[in-house]
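Okay, protein24.txt now, which holds compact mmCIF, C-alpha atoms (C1' of nucleotides):
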# COMPACT_ATOMS: atom_id res chain seq x y z
CA MET W 256 0.00 0.00 0.00
CA ALA W 257 2.95 2.34 0.37
CA GLY W 258 3.16 2.94 -3.35
CA THR W 259 -0.55 3.16 -4.04
CA GLU W 260 -2.15 6.39 -5.18
CA ILE W 261 -4.27 8.07 -2.56
CA LYS W 262 -7.51 10.01 -2.79
CA LEU W 263 -7.32 13.49 -1.27
CA THR W 264 -10.57 13.31 0.62
CA GLU W 265 -11.82 16.27 2.60
CA GLN W 266 -10.63 14.65 5.81
CA ARG W 267 -7.13 14.14 4.44
CA ARG W 268 -7.01 17.60 2.97
CA VAL W 269 -7.97 19.19 6.27
CA ILE W 270 -5.51 17.07 8.22
CA LEU W 271 -2.78 18.10 5.82
CA GLU W 272 -3.75 21.77 5.91
CA GLU W 273 -3.85 21.87 9.68
CA LEU W 274 -0.55 20.07 9.94
CA ARG W 275 1.00 22.57 7.55
CA LYS W 276 -0.29 25.49 9.57
CA VAL W 277 1.59 24.58 12.71
CA ARG W 278 5.23 24.24 13.58
CA THR W 279 4.54 22.31 16.75
CA HIS W 280 4.94 18.76 15.42
CA PRO W 281 1.68 17.67 17.00
CA SER W 282 0.76 14.19 18.18
CA ALA W 283 -2.07 12.31 16.50
CA ASP W 284 -4.34 13.39 19.27
CA ALA W 285 -3.37 17.03 18.85
CA VAL W 286 -4.04 16.77 15.12
CA TYR W 287 -7.42 15.32 15.95
CA ASP W 288 -8.20 18.36 18.09
CA LEU W 289 -7.14 20.77 15.36
CA VAL W 290 -9.06 18.99 12.65
CA ARG W 291 -12.18 18.56 14.72
CA LYS W 292 -12.67 22.30 14.82
CA ARG W 293 -13.35 22.17 11.10
CA LEU W 294 -14.78 18.66 10.82
CA PRO W 295 -16.54 18.01 14.11
CA ARG W 296 -17.71 14.56 13.02
CA ILE W 297 -14.29 13.15 12.15
CA SER W 298 -13.18 10.22 14.25
CA LEU W 299 -9.85 9.64 15.92
CA GLY W 300 -9.50 6.38 14.02
CA THR W 301 -9.70 8.24 10.73
CA VAL W 302 -7.03 10.66 11.88
CA TYR W 303 -4.71 7.81 12.81
CA ARG W 304 -5.43 5.93 9.61
CA ASN W 305 -4.80 8.96 7.46
CA LEU W 306 -1.69 10.15 9.24
CA GLU W 307 -0.33 6.67 8.69
CA ALA W 308 -1.42 6.57 5.06
CA MET W 309 0.07 9.95 4.30
CA SER W 310 3.35 9.25 6.02
CA GLU W 311 3.66 6.00 4.09
CA ARG W 312 3.51 8.04 0.91
CA GLY W 313 5.93 10.68 2.07
CA MET W 314 3.29 13.41 2.19
CA ILE W 315 4.06 13.98 5.84
CA ARG W 316 6.63 12.62 8.21
CA LYS W 317 6.46 10.73 11.46
CA LEU W 318 8.97 11.89 14.00
CA GLY W 319 10.69 9.81 16.59
CA GLY W 320 11.66 6.83 14.54
CA CYS W 321 10.61 4.59 17.37
CA GLN W 322 7.71 2.33 16.64
CA CYS W 323 6.31 3.47 19.91
CA GLN W 324 8.03 0.96 22.04
CA MET W 325 10.82 2.30 24.14
CA ARG W 326 14.15 0.53 23.88
CA PHE W 327 17.01 0.45 26.32
CA ASP W 328 20.78 0.37 26.07
CA ALA W 329 23.28 -0.37 28.82
CA ASP W 330 25.97 1.48 26.86
CA VAL W 331 25.74 5.06 28.05
CA THR W 332 28.72 6.34 26.09
CA ASN W 333 27.85 8.54 23.15
CA HIS W 334 27.14 6.50 20.06
CA TYR W 335 24.65 6.35 17.25
CA HIS W 336 22.17 3.72 16.12
CA VAL W 337 20.70 2.16 12.98
CA ARG W 338 17.18 0.88 12.93
CA CYS W 339 15.83 -1.63 10.46
CA LEU W 340 12.66 -0.36 8.89
CA LYS W 341 11.42 -3.86 8.30
CA CYS W 342 12.08 -5.87 11.45
CA GLY W 343 12.72 -3.10 13.96
CA ARG W 344 16.17 -4.39 14.89
CA VAL W 345 18.49 -1.73 16.33
CA ASP W 346 22.28 -1.85 16.09
CA ASP W 347 25.10 0.35 17.22
CA VAL W 348 26.92 2.24 14.53
CA ALA W 349 30.65 2.57 13.95
CA VAL W 350 30.60 6.28 13.19
CA GLU W 351 32.25 8.64 15.59
CA THR W 352 29.86 11.13 17.15
CA CYS W 353 29.71 14.50 15.49
CA GLU W 354 30.21 17.19 18.10
CA VAL W 355 30.32 19.85 15.43
CA LEU W 356 26.60 19.49 15.09
CA GLU W 357 26.05 20.37 18.68
CA ARG W 358 28.38 23.32 18.59
CA ALA W 359 26.64 24.64 15.48
CA LEU W 360 23.26 24.38 17.10
CA ARG W 361 24.31 26.05 20.32
CA GLU W 362 25.10 29.18 18.34
CA ARG W 363 21.79 29.21 16.54
CA SER W 364 19.31 28.06 19.14
CA ASP W 365 17.77 29.41 22.31
CA TYR W 366 17.55 25.93 23.73
CA ALA W 367 20.01 24.83 26.38
CA ILE W 368 21.45 21.91 24.47
CA LEU W 369 22.35 18.84 26.49
CA GLY W 370 23.12 16.38 23.74
CA HIS W 371 21.96 14.86 20.55
CA HIS W 372 21.13 11.50 19.12
CA VAL W 373 21.44 10.18 15.60
CA GLU W 374 19.42 7.34 14.23
CA PHE W 375 20.03 5.95 10.79
CA ILE W 376 17.18 4.24 9.00
CA GLY W 377 17.58 1.38 6.60
CA PHE W 378 17.22 -2.33 6.01
CA CYS W 379 19.31 -4.73 8.04
CA PRO W 380 21.39 -7.40 6.29
CA SER W 381 18.64 -10.03 6.51
CA CYS W 382 15.78 -7.78 5.51
CA ARG W 383 17.59 -6.08 2.66
CA CYS W 384 17.79 -9.45 0.91
CA ALA W 385 14.47 -10.90 1.96
CA GLY W 386 12.71 -7.65 1.20
CA GLU W 387 14.03 -7.11 -2.31
CA ASP W 388 11.08 -8.98 -3.88
CA GLU W 389 8.16 -8.57 -1.45
CA ARG W 390 8.69 -4.98 -0.40
CA SER W 391 5.08 -4.73 0.69
CA ASP W 392 4.76 -5.99 4.26
CA GLN W 393 6.96 -3.51 6.01
CA PRO W 394 5.59 -3.24 9.49
CA GLU W 395 5.95 0.38 10.38
CA GLY W 396 6.56 3.78 8.80
CA ALA W 397 7.98 2.57 5.52
CA GLY W 398 7.82 6.04 4.10
CA GLU W 399 9.36 7.69 7.07
CA ARG W 400 12.23 9.15 5.16
CA MET U 92 14.38 11.97 42.09
CA ALA U 93 16.75 12.20 39.16
CA GLY U 94 19.67 13.09 41.38
CA THR U 95 18.82 10.80 44.25
CA GLU U 96 21.07 7.91 45.14
CA ILE U 97 19.67 4.55 44.22
CA LYS U 98 19.88 1.20 45.96
CA LEU U 99 21.20 -1.58 43.78
CA THR U 100 18.61 -4.15 44.69
CA GLU U 101 18.83 -7.64 43.29
CA GLN U 102 16.15 -6.83 40.74
CA ARG U 103 18.04 -3.77 39.55
CA ARG U 104 21.32 -5.62 39.46
CA VAL U 105 19.87 -8.41 37.34
CA ILE U 106 18.16 -5.98 34.98
CA LEU U 107 21.44 -4.17 34.53
CA GLU U 108 23.42 -7.36 34.03
CA GLU U 109 21.02 -8.71 31.47
CA LEU U 110 20.93 -5.43 29.63
CA ARG U 111 24.72 -5.39 29.53
CA LYS U 112 24.85 -8.88 28.12
CA VAL U 113 22.92 -8.07 24.97
CA ARG U 114 23.53 -5.78 22.05
CA THR U 115 19.93 -5.90 20.89
CA HIS U 116 18.61 -2.74 22.57
CA PRO U 117 15.62 -4.60 23.97
CA SER U 118 12.22 -3.18 24.80
CA ALA U 119 10.98 -3.16 28.39
CA ASP U 120 9.02 -6.27 27.65
CA ALA U 121 12.06 -8.03 26.23
CA VAL U 122 14.07 -7.06 29.31
CA TYR U 123 11.29 -8.52 31.40
CA ASP U 124 11.59 -11.82 29.54
CA LEU U 125 15.35 -11.91 30.03
CA VAL U 126 15.20 -11.03 33.70
CA ARG U 127 12.39 -13.42 34.46
CA LYS U 128 14.61 -16.35 33.60
CA ARG U 129 16.65 -15.49 36.66
CA LEU U 130 13.99 -13.88 38.84
CA PRO U 131 10.76 -15.63 37.93
CA ARG U 132 8.74 -13.65 40.45
CA ILE U 133 9.70 -10.19 39.21
CA SER U 134 6.83 -8.13 37.88
CA LEU U 135 6.64 -6.11 34.70
CA GLY U 136 5.84 -3.03 36.76
CA THR U 137 9.11 -3.38 38.61
CA VAL U 138 10.99 -3.68 35.35
CA TYR U 139 9.40 -0.53 34.00
CA ARG U 140 9.96 1.33 37.24
CA ASN U 141 13.59 0.34 37.42
CA LEU U 142 14.41 0.93 33.78
CA GLU U 143 13.00 4.40 34.28
CA ALA U 144 14.88 4.95 37.55
CA MET U 145 18.17 3.81 36.09
CA SER U 146 17.85 5.85 32.94
CA GLU U 147 17.07 8.91 35.02
CA ARG U 148 20.41 8.43 36.72
CA GLY U 149 22.34 7.79 33.54
CA MET U 150 23.05 4.16 34.39
CA ILE U 151 21.34 3.07 31.21
CA ARG U 152 19.92 4.91 28.26
CA LYS U 153 16.49 5.09 26.70
CA LEU U 154 16.57 5.09 22.94
CA GLY U 155 14.21 6.90 20.69
CA GLY U 156 13.95 10.18 22.47
CA CYS U 157 10.25 10.15 21.88
CA GLN U 158 8.12 9.97 24.97
CA CYS U 159 6.23 7.24 23.24
CA GLN U 160 3.77 9.42 21.48
CA MET U 161 4.24 9.68 17.78
CA ARG U 162 4.51 13.18 16.37
CA PHE U 163 3.92 14.40 12.85
CA ASP U 164 5.48 16.99 10.61
CA ALA U 165 4.15 18.33 7.32
CA ASP U 166 7.66 19.39 6.33
CA VAL U 167 9.11 16.39 4.53
CA THR U 168 12.37 18.03 3.54
CA ASN U 169 15.40 16.83 5.45
CA HIS U 170 15.84 18.73 8.66
CA TYR U 171 16.66 18.10 12.26
CA HIS U 172 14.74 18.62 15.48
CA VAL U 173 15.25 19.71 19.09
CA ARG U 174 13.13 18.29 21.84
CA CYS U 175 12.62 19.92 25.20
CA LEU U 176 13.29 17.46 27.95
CA LYS U 177 10.93 19.23 30.27
CA CYS U 178 7.81 20.09 28.32
CA GLY U 179 8.19 17.81 25.31
CA ARG U 180 8.04 20.66 22.81
CA VAL U 181 9.68 19.91 19.47
CA ASP U 182 11.19 22.54 17.19
CA ASP U 183 12.94 22.54 13.87
CA VAL U 184 16.61 23.25 13.93
CA ALA U 185 18.62 25.64 11.76
CA VAL U 186 21.52 23.29 11.16
CA GLU U 187 22.11 21.99 7.67
CA THR U 188 21.81 18.22 7.38
CA CYS U 189 25.04 16.34 7.59
CA GLU U 190 25.27 13.99 4.62
CA VAL U 191 28.83 13.08 5.52
CA LEU U 192 27.43 10.98 8.34
CA GLU U 193 25.44 8.88 5.96
CA ARG U 194 28.30 8.40 3.57
CA ALA U 195 30.56 7.34 6.42
CA LEU U 196 28.07 4.80 7.62
CA ARG U 197 27.43 3.32 4.19
CA GLU U 198 31.07 2.30 4.06
CA ARG U 199 31.04 0.68 7.48
CA SER U 200 27.64 -0.96 7.69
CA ASP U 201 25.87 -3.89 6.09
CA TYR U 202 22.58 -2.09 6.36
CA ALA U 203 21.04 -0.55 3.27
CA ILE U 204 20.91 3.02 4.54
CA LEU U 205 17.91 5.07 3.52
CA GLY U 206 18.38 8.14 5.65
CA HIS U 207 19.03 9.44 9.08
CA HIS U 208 17.50 11.65 11.66
CA VAL U 209 19.06 13.85 14.28
CA GLU U 210 17.34 14.92 17.44
CA PHE U 211 18.91 17.35 19.84
CA ILE U 212 17.92 17.22 23.47
CA GLY U 213 17.77 20.20 25.75
CA PHE U 214 15.62 22.69 27.55
CA CYS U 215 13.49 25.09 25.56
CA PRO U 216 13.66 28.84 26.24
CA SER U 217 10.77 28.78 28.71
CA CYS U 218 11.83 25.67 30.58
CA ARG U 219 15.50 26.57 30.79
CA CYS U 220 14.54 29.55 32.92
CA ALA U 221 11.68 28.04 34.86
CA GLY U 222 13.67 24.91 35.53
CA GLU U 223 16.84 26.51 36.82
CA ASP U 224 15.59 26.38 40.43
CA GLU U 225 13.22 23.40 40.61
CA ARG U 226 15.07 20.97 38.42
CA SER U 227 13.20 18.09 39.99
CA ASP U 228 9.98 17.52 38.08
CA GLN U 229 11.32 16.72 34.66
CA PRO U 230 8.78 14.45 33.08
CA GLU U 231 10.78 11.96 31.07
CA GLY U 232 14.28 10.66 30.60
CA ALA U 233 16.15 13.46 32.28
CA GLY U 234 19.30 11.40 32.19
CA GLU U 235 18.88 10.37 28.62
CA ARG U 236 22.15 11.81 27.47
C1' DA B 162 11.08 2.06 62.93
C1' DT B 163 11.18 4.29 58.83
C1' DA B 164 12.03 4.81 54.24
C1' DT B 165 12.48 2.21 50.08
C1' DC B 166 11.19 -1.27 47.06
C1' DT B 167 8.46 -5.13 45.17
C1' DG B 168 4.51 -7.74 43.30
C1' DC B 169 0.09 -7.54 41.81
C1' DA B 170 -3.66 -5.87 39.59
C1' DA B 171 -6.17 -2.23 37.82
C1' DA B 172 -6.09 1.87 35.11
C1' DA B 173 -4.50 4.97 31.75
C1' DA B 174 -2.66 6.34 27.35
C1' DG B 175 -1.89 5.59 22.68
C1' DT B 176 -2.93 3.04 18.67
C1' DT B 177 -5.15 -0.40 15.73
C1' DT B 178 -8.98 -2.99 13.91
C1' DG B 179 -13.66 -4.94 12.54
C1' DC B 180 -17.72 -3.79 10.92
C1' DT B 181 -21.35 -1.07 8.89
C1' DT B 182 -22.54 2.95 6.46
C1' DT B 183 -21.35 6.65 3.43
C1' DT B 184 -19.05 8.65 -0.37
C1' DT B 185 -16.91 8.78 -4.79
C1' DA B 186 -15.71 7.45 -9.33
C1' DT C 228 -22.47 -0.53 -8.32
C1' DA C 229 -18.04 -1.55 -6.92
C1' DA C 230 -14.04 0.21 -4.55
C1' DA C 231 -12.30 3.24 -1.18
C1' DA C 232 -12.92 5.80 2.90
C1' DA C 233 -15.26 7.26 7.13
C1' DG C 234 -17.44 6.73 11.66
C1' DC C 235 -17.92 4.23 15.68
C1' DA C 236 -16.74 1.32 19.19
C1' DA C 237 -14.29 -2.36 20.88
C1' DA C 238 -9.83 -4.46 21.32
C1' DC C 239 -5.08 -4.39 21.91
C1' DT C 240 -0.42 -2.87 23.36
C1' DT C 241 2.51 -0.36 26.10
C1' DT C 242 3.24 2.12 30.15
C1' DT C 243 1.90 3.99 34.67
C1' DT C 244 -0.03 3.82 39.24
C1' DG C 245 -2.13 2.63 43.93
C1' DC C 246 -1.70 -0.20 47.45
C1' DA C 247 -0.47 -3.87 50.68
C1' DG C 248 3.20 -6.60 52.02
C1' DA C 249 8.26 -7.38 52.10
C1' DT C 250 13.11 -5.70 52.67
C1' DA C 251 16.71 -3.28 54.22
C1' DT C 252 19.13 0.34 56.93
Just give me the structure as structure tokens.
Amino acid sequence: MAGTEIKLTEQRRVILEELRKVRTHPSADAVYDLVRKRLPRISLGTVYRNLEAMSERGMIRKLGGCQCQMRFDADVTNHYHVRCLKCGRVDDVAVETCEVLERALRERSDYAILGHHVEFIGFCPSCRCAGEDERSDQPEGAGER
Amino acid sequence: MAGTEIKLTEQRRVILEELRKVRTHPSADAVYDLVRKRLPRISLGTVYRNLEAMSERGMIRKLGGCQCQMRFDADVTNHYHVRCLKCGRVDDVAVETCEVLERALRERSDYAILGHHVEFIGFCPSCRCAGEDERSDQPEGAGER
DNA sequence: ATATCTGCAAAAAGTTTGCTTTTTA
DNA sequence: TAAAAAGCAAACTTTTTGCAGATAT
């Protein structure tokens, strides 16, 4: 379904318009609240379904990368991660951390910056082979980036 | 409680040991399964509570950055984000994306890399002031990095 | 003794799904 | 009139919480 064409229904159009109006990166629930002002009869299920559908097609983007299940790491030294889009596997990455990024941001931002995290997205060795033919049943956020 | 000393109870010790054994970045539930092999009477609530307590103190790290609520962005161009540790606010960041990172990883990894995402962590302008005195009630993952 | 921690179970929060009706091509 | 989408509500998953009993200082 990720590659399928999509109908721009009124619900989807309004969701998209409202999402484009704000810079707050709202949660699904917050989108629901925004959209409901214009379409009081829309259901939360529709909002979820359409946010998912639109992010699969790259019309919008899901933030966070996590498939909404927290993961834990005993290694507290600074390092980056790769996440497999297909099976959800997470690995450490052999790239040295990029402190330049943080320095650059400190100059440009009003935030008090404590750190940063980098997550690469891709297909892990097993899934990149297995998935070459049946690229359809990717579990989560295939269109994320 | 983020700065409080913590007792290394048997449950915490086993959670930590099991987490250190694996490189799989397990979910809370997966940690529960690992730990239960050695402490069959431990409860999932305890695992959650202790993972949280230990990550608050920097003994372990939560991955994902997201406080387990997906957020959406209508801007699908490549850009990075900052997240406020205190209030959860997410902003765009005025740092150009760092393609070098991706190139470096492609050489070193067996993953098929599709992209990457950077999330900075810090305190937003409002919270950095408000929080200077009462630095105690940070909602999530204060010790994340 | 007193504060801390655990187990248990219930609740909350976030998300997905099944089914029926409505809309659109 | 057939396919796609919406509305609704129930189910499911993940995480949090209240409380009584256990542990440890």
* May I ask you to extract the residues of chain W within 10 Å of chain B, using all atoms listed in the file, and to give them as a PyMOL selection string? => chain W and resi 262+264+283-284+299-300+303-304+323
Once chain U has been least-squares superposed onto chain W, matching all their Cα atoms in order, can you return it as a short mmCIF file (atom, residue, chain, number, x, y, z; two decimals) with C-alpha atoms, in the coordinates of the input?
data_model
loop_
_atom_site.label_atom_id
_atom_site.label_comp_id
_atom_site.auth_asym_id
_atom_site.auth_seq_id
_atom_site.Cartn_x
_atom_site.Cartn_y
_atom_site.Cartn_z
CA MET U 92 0.08 -0.13 0.19
CA ALA U 93 3.06 2.16 0.57
CA GLY U 94 3.28 2.76 -3.14
CA THR U 95 -0.42 2.90 -3.84
CA GLU U 96 -2.04 6.10 -5.02
CA ILE U 97 -4.15 7.80 -2.42
CA LYS U 98 -7.39 9.72 -2.71
CA LEU U 99 -7.26 13.17 -1.21
CA THR U 100 -10.51 12.98 0.67
CA GLU U 101 -11.78 15.98 2.58
CA GLN U 102 -10.59 14.45 5.84
CA ARG U 103 -7.10 13.93 4.46
CA ARG U 104 -7.00 17.38 2.94
CA VAL U 105 -7.96 19.02 6.22
CA ILE U 106 -5.48 16.95 8.20
CA LEU U 107 -2.76 17.98 5.79
CA GLU U 108 -3.76 21.63 5.83
CA GLU U 109 -3.86 21.79 9.59
CA LEU U 110 -0.55 20.03 9.88
CA ARG U 111 0.98 22.50 7.45
CA LYS U 112 -0.31 25.44 9.43
CA VAL U 113 1.56 24.59 12.60
CA ARG U 114 5.20 24.31 13.49
CA THR U 115 4.53 22.40 16.69
CA HIS U 116 4.97 18.83 15.41
CA PRO U 117 1.71 17.74 17.00
CA SER U 118 0.80 14.28 18.22
CA ALA U 119 -2.02 12.35 16.56
CA ASP U 120 -4.30 13.45 19.33
CA ALA U 121 -3.36 17.09 18.86
CA VAL U 122 -3.99 16.78 15.12
CA TYR U 123 -7.37 15.33 15.97
CA ASP U 124 -8.18 18.39 18.08
CA LEU U 125 -7.14 20.75 15.30
CA VAL U 126 -9.04 18.91 12.61
CA ARG U 127 -12.16 18.50 14.68
CA LYS U 128 -12.65 22.24 14.73
CA ARG U 129 -13.34 22.03 11.02
CA LEU U 130 -14.74 18.51 10.76
CA PRO U 131 -16.50 17.90 14.06
CA ARG U 132 -17.63 14.43 13.04
CA ILE U 133 -14.20 13.05 12.17
CA SER U 134 -13.08 10.16 14.33
CA LEU U 135 -9.74 9.62 16.00
CA GLY U 136 -9.40 6.33 14.15
CA THR U 137 -9.61 8.13 10.84
CA VAL U 138 -6.94 10.57 11.94
CA TYR U 139 -4.61 7.77 12.92
CA ARG U 140 -5.32 5.85 9.75
CA ASN U 141 -4.71 8.84 7.55
CA LEU U 142 -1.61 10.09 9.33
CA GLU U 143 -0.22 6.62 8.83
CA ALA U 144 -1.31 6.45 5.18
CA MET U 145 0.16 9.84 4.37
CA SER U 146 3.44 9.19 6.11
CA GLU U 147 3.76 5.92 4.24
CA ARG U 148 3.60 7.91 1.03
CA GLY U 149 6.01 10.59 2.14
CA MET U 150 3.36 13.30 2.23
CA ILE U 151 4.09 13.92 5.87
CA ARG U 152 6.70 12.63 8.25
CA LYS U 153 6.54 10.75 11.52
CA LEU U 154 9.05 11.96 14.05
CA GLY U 155 10.81 9.87 16.58
CA GLY U 156 11.68 6.88 14.50
CA CYS U 157 10.64 4.67 17.34
CA GLN U 158 7.68 2.45 16.68
CA CYS U 159 6.33 3.64 19.96
CA GLN U 160 7.98 1.07 22.10
CA MET U 161 10.76 2.34 24.25
CA ARG U 162 14.07 0.52 23.95
CA PHE U 163 16.96 0.38 26.37
CA ASP U 164 20.71 0.30 26.07
CA ALA U 165 23.24 -0.49 28.78
CA ASP U 166 25.91 1.38 26.82
CA VAL U 167 25.70 4.95 28.05
CA THR U 168 28.65 6.25 26.07
CA ASN U 169 27.76 8.47 23.15
CA HIS U 170 27.05 6.45 20.06
CA TYR U 171 24.58 6.31 17.25
CA HIS U 172 22.07 3.70 16.14
CA VAL U 173 20.59 2.17 12.98
CA ARG U 174 17.05 0.92 12.93
CA CYS U 175 15.71 -1.58 10.45
CA LEU U 176 12.55 -0.29 8.89
CA LYS U 177 11.28 -3.77 8.30
CA CYS U 178 11.94 -5.79 11.42
CA GLY U 179 12.58 -3.04 13.95
CA ARG U 180 16.03 -4.34 14.87
CA VAL U 181 18.36 -1.72 16.32
CA ASP U 182 22.14 -1.85 16.07
CA ASP U 183 24.99 0.31 17.20
CA VAL U 184 26.81 2.20 14.52
CA ALA U 185 30.55 2.52 13.95
CA VAL U 186 30.52 6.22 13.19
CA GLU U 187 32.19 8.59 15.60
CA THR U 188 29.82 11.09 17.18
CA CYS U 189 29.68 14.43 15.50
CA GLU U 190 30.20 17.13 18.12
CA VAL U 191 30.36 19.80 15.45
CA LEU U 192 26.61 19.47 15.09
CA GLU U 193 26.06 20.36 18.69
CA ARG U 194 28.40 23.30 18.60
CA ALA U 195 26.69 24.63 15.49
CA LEU U 196 23.31 24.39 17.10
CA ARG U 197 24.36 26.06 20.34
CA GLU U 198 25.16 29.18 18.36
CA ARG U 199 21.84 29.22 16.54
CA SER U 200 19.35 28.08 19.14
CA ASP U 201 17.83 29.45 22.31
CA TYR U 202 17.58 25.97 23.73
CA ALA U 203 20.03 24.85 26.38
CA ILE U 204 21.47 21.90 24.47
CA LEU U 205 22.33 18.84 26.50
CA GLY U 206 23.11 16.37 23.77
CA HIS U 207 21.94 14.83 20.58
CA HIS U 208 21.10 11.51 19.13
CA VAL U 209 21.39 10.19 15.62
CA GLU U 210 19.35 7.36 14.24
CA PHE U 211 19.95 5.96 10.80
CA ILE U 212 17.10 4.28 9.00
CA GLY U 213 17.48 1.42 6.61
CA PHE U 214 17.09 -2.26 6.00
CA CYS U 215 19.16 -4.70 8.02
CA PRO U 216 21.21 -7.40 6.27
CA SER U 217 18.45 -10.00 6.49
CA CYS U 218 15.60 -7.73 5.48
CA ARG U 219 17.44 -6.03 2.64
CA CYS U 220 17.61 -9.37 0.88
CA ALA U 221 14.27 -10.79 1.90
CA GLY U 222 12.54 -7.53 1.11
CA GLU U 223 13.93 -6.97 -2.35
CA ASP U 224 11.00 -8.81 -3.97
CA GLU U 225 8.05 -8.35 -1.61
CA ARG U 226 8.61 -4.78 -0.56
CA SER U 227 4.99 -4.49 0.49
CA ASP U 228 4.66 -5.61 4.10
CA GLN U 229 6.90 -3.13 5.81
CA PRO U 230 5.50 -2.73 9.28
CA GLU U 231 5.97 0.92 10.12
CA GLY U 232 6.76 4.25 8.55
CA ALA U 233 8.18 3.01 5.30
CA GLY U 234 8.09 6.52 3.93
CA GLU U 235 9.61 8.06 6.98
CA ARG U 236 12.55 9.55 5.17
#
Set the cut-off to 10 Å and count all atoms listed in the file: what are the residues of chain C that reach chain W? Output as a PDB file with C-alpha atoms (C1' of nucleotides), keeping the file's coordinate frame.
ATOM      1  C1'  DA C 231     -12.300   3.240  -1.180  1.00  0.00           C
ATOM      2  C1'  DA C 232     -12.920   5.800   2.900  1.00  0.00           C
ATOM      3  C1'  DA C 233     -15.260   7.260   7.130  1.00  0.00           C
ATOM      4  C1'  DG C 234     -17.440   6.730  11.660  1.00  0.00           C
ATOM      5  C1'  DC C 235     -17.920   4.230  15.680  1.00  0.00           C
ATOM      6  C1'  DT C 240      -0.420  -2.870  23.360  1.00  0.00           C
ATOM      7  C1'  DT C 241       2.510  -0.360  26.100  1.00  0.00           C
ATOM      8  C1'  DT C 242       3.240   2.120  30.150  1.00  0.00           C
TER       9       DT C 242
END
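Pairwise distance (atom CA of Val186 of chain U, atom CA of Arg275 of chain W) equals 20.8 Å.
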* Asked: Within 6 Å of chain U, which residues of chain W show up when using all atoms listed in the file, listed as a VMD selection string?
  -> chain W and resid 274 to 275 280 to 282 315 to 319 321 323 325 to 329 331 365 to 380
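Take atom CA of Val126 of chain U and atom CA of Gly343 of chain W: the distance between them is 21.4 Å.
Nearest to DT250 of chain C of all the residues U:Glu147, U:Glu101, U:Asp124, U:Glu190 is U:Glu101, counting only C-alpha atoms (C1' of nucleotides).
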* Tell me, in Å to one decimal, how far atom CA of Arg312 of chain W is from atom C1' of DT228 of chain C. => 28.9 Å
Listed atoms of segment 348-360 of chain W, axis-aligned box, 3 Å per side: centre and edge lengths to one decimal in Å, as JSON?
{"center_x": 27.8, "center_y": 13.4, "center_z": 15.9, "size_x": 15.0, "size_y": 28.4, "size_z": 11.5}
Reconstruct N, CA and C atoms of segment 356-367 of chain W from the incomplete input and present them as a PDB file, keeping the file's coordinate frame.
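Once written, result.pdb looks like this:
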ATOM      1  N   LEU W 356      28.026  19.247  15.180  1.00  0.00           N
ATOM      2  CA  LEU W 356      26.600  19.490  15.090  1.00  0.00           C
ATOM      3  C   LEU W 356      26.107  20.259  16.303  1.00  0.00           C
ATOM      4  N   GLU W 357      26.534  19.782  17.452  1.00  0.00           N
ATOM      5  CA  GLU W 357      26.050  20.370  18.680  1.00  0.00           C
ATOM      6  C   GLU W 357      26.552  21.804  18.840  1.00  0.00           C
ATOM      7  N   ARG W 358      27.812  21.980  18.491  1.00  0.00           N
ATOM      8  CA  ARG W 358      28.380  23.320  18.590  1.00  0.00           C
ATOM      9  C   ARG W 358      27.628  24.277  17.659  1.00  0.00           C
ATOM     10  N   ALA W 359      27.346  23.806  16.456  1.00  0.00           N
ATOM     11  CA  ALA W 359      26.640  24.640  15.480  1.00  0.00           C
ATOM     12  C   ALA W 359      25.275  25.046  16.016  1.00  0.00           C
ATOM     13  N   LEU W 360      24.606  24.090  16.627  1.00  0.00           N
ATOM     14  CA  LEU W 360      23.260  24.380  17.100  1.00  0.00           C
ATOM     15  C   LEU W 360      23.279  25.352  18.279  1.00  0.00           C
ATOM     16  N   ARG W 361      24.248  25.191  19.146  1.00  0.00           N
ATOM     17  CA  ARG W 361      24.310  26.050  20.320  1.00  0.00           C
ATOM     18  C   ARG W 361      24.357  27.531  19.920  1.00  0.00           C
ATOM     19  N   GLU W 362      25.016  27.797  18.814  1.00  0.00           N
ATOM     20  CA  GLU W 362      25.100  29.180  18.340  1.00  0.00           C
ATOM     21  C   GLU W 362      23.779  29.690  17.791  1.00  0.00           C
ATOM     22  N   ARG W 363      22.973  28.779  17.278  1.00  0.00           N
ATOM     23  CA  ARG W 363      21.790  29.210  16.540  1.00  0.00           C
ATOM     24  C   ARG W 363      20.490  29.032  17.324  1.00  0.00           C
ATOM     25  N   SER W 364      20.548  28.417  18.475  1.00  0.00           N
ATOM     26  CA  SER W 364      19.310  28.060  19.140  1.00  0.00           C
ATOM     27  C   SER W 364      19.219  28.655  20.533  1.00  0.00           C
ATOM     28  N   ASP W 365      18.000  28.905  20.958  1.00  0.00           N
ATOM     29  CA  ASP W 365      17.770  29.410  22.310  1.00  0.00           C
ATOM     30  C   ASP W 365      17.619  28.277  23.321  1.00  0.00           C
ATOM     31  N   TYR W 366      17.619  27.072  22.828  1.00  0.00           N
ATOM     32  CA  TYR W 366      17.550  25.930  23.730  1.00  0.00           C
ATOM     33  C   TYR W 366      18.873  25.799  24.478  1.00  0.00           C
ATOM     34  N   ALA W 367      18.803  25.280  25.687  1.00  0.00           N
ATOM     35  CA  ALA W 367      20.010  24.830  26.380  1.00  0.00           C
ATOM     36  C   ALA W 367      20.260  23.397  25.928  1.00  0.00           C
TER      37      ALA W 367
END
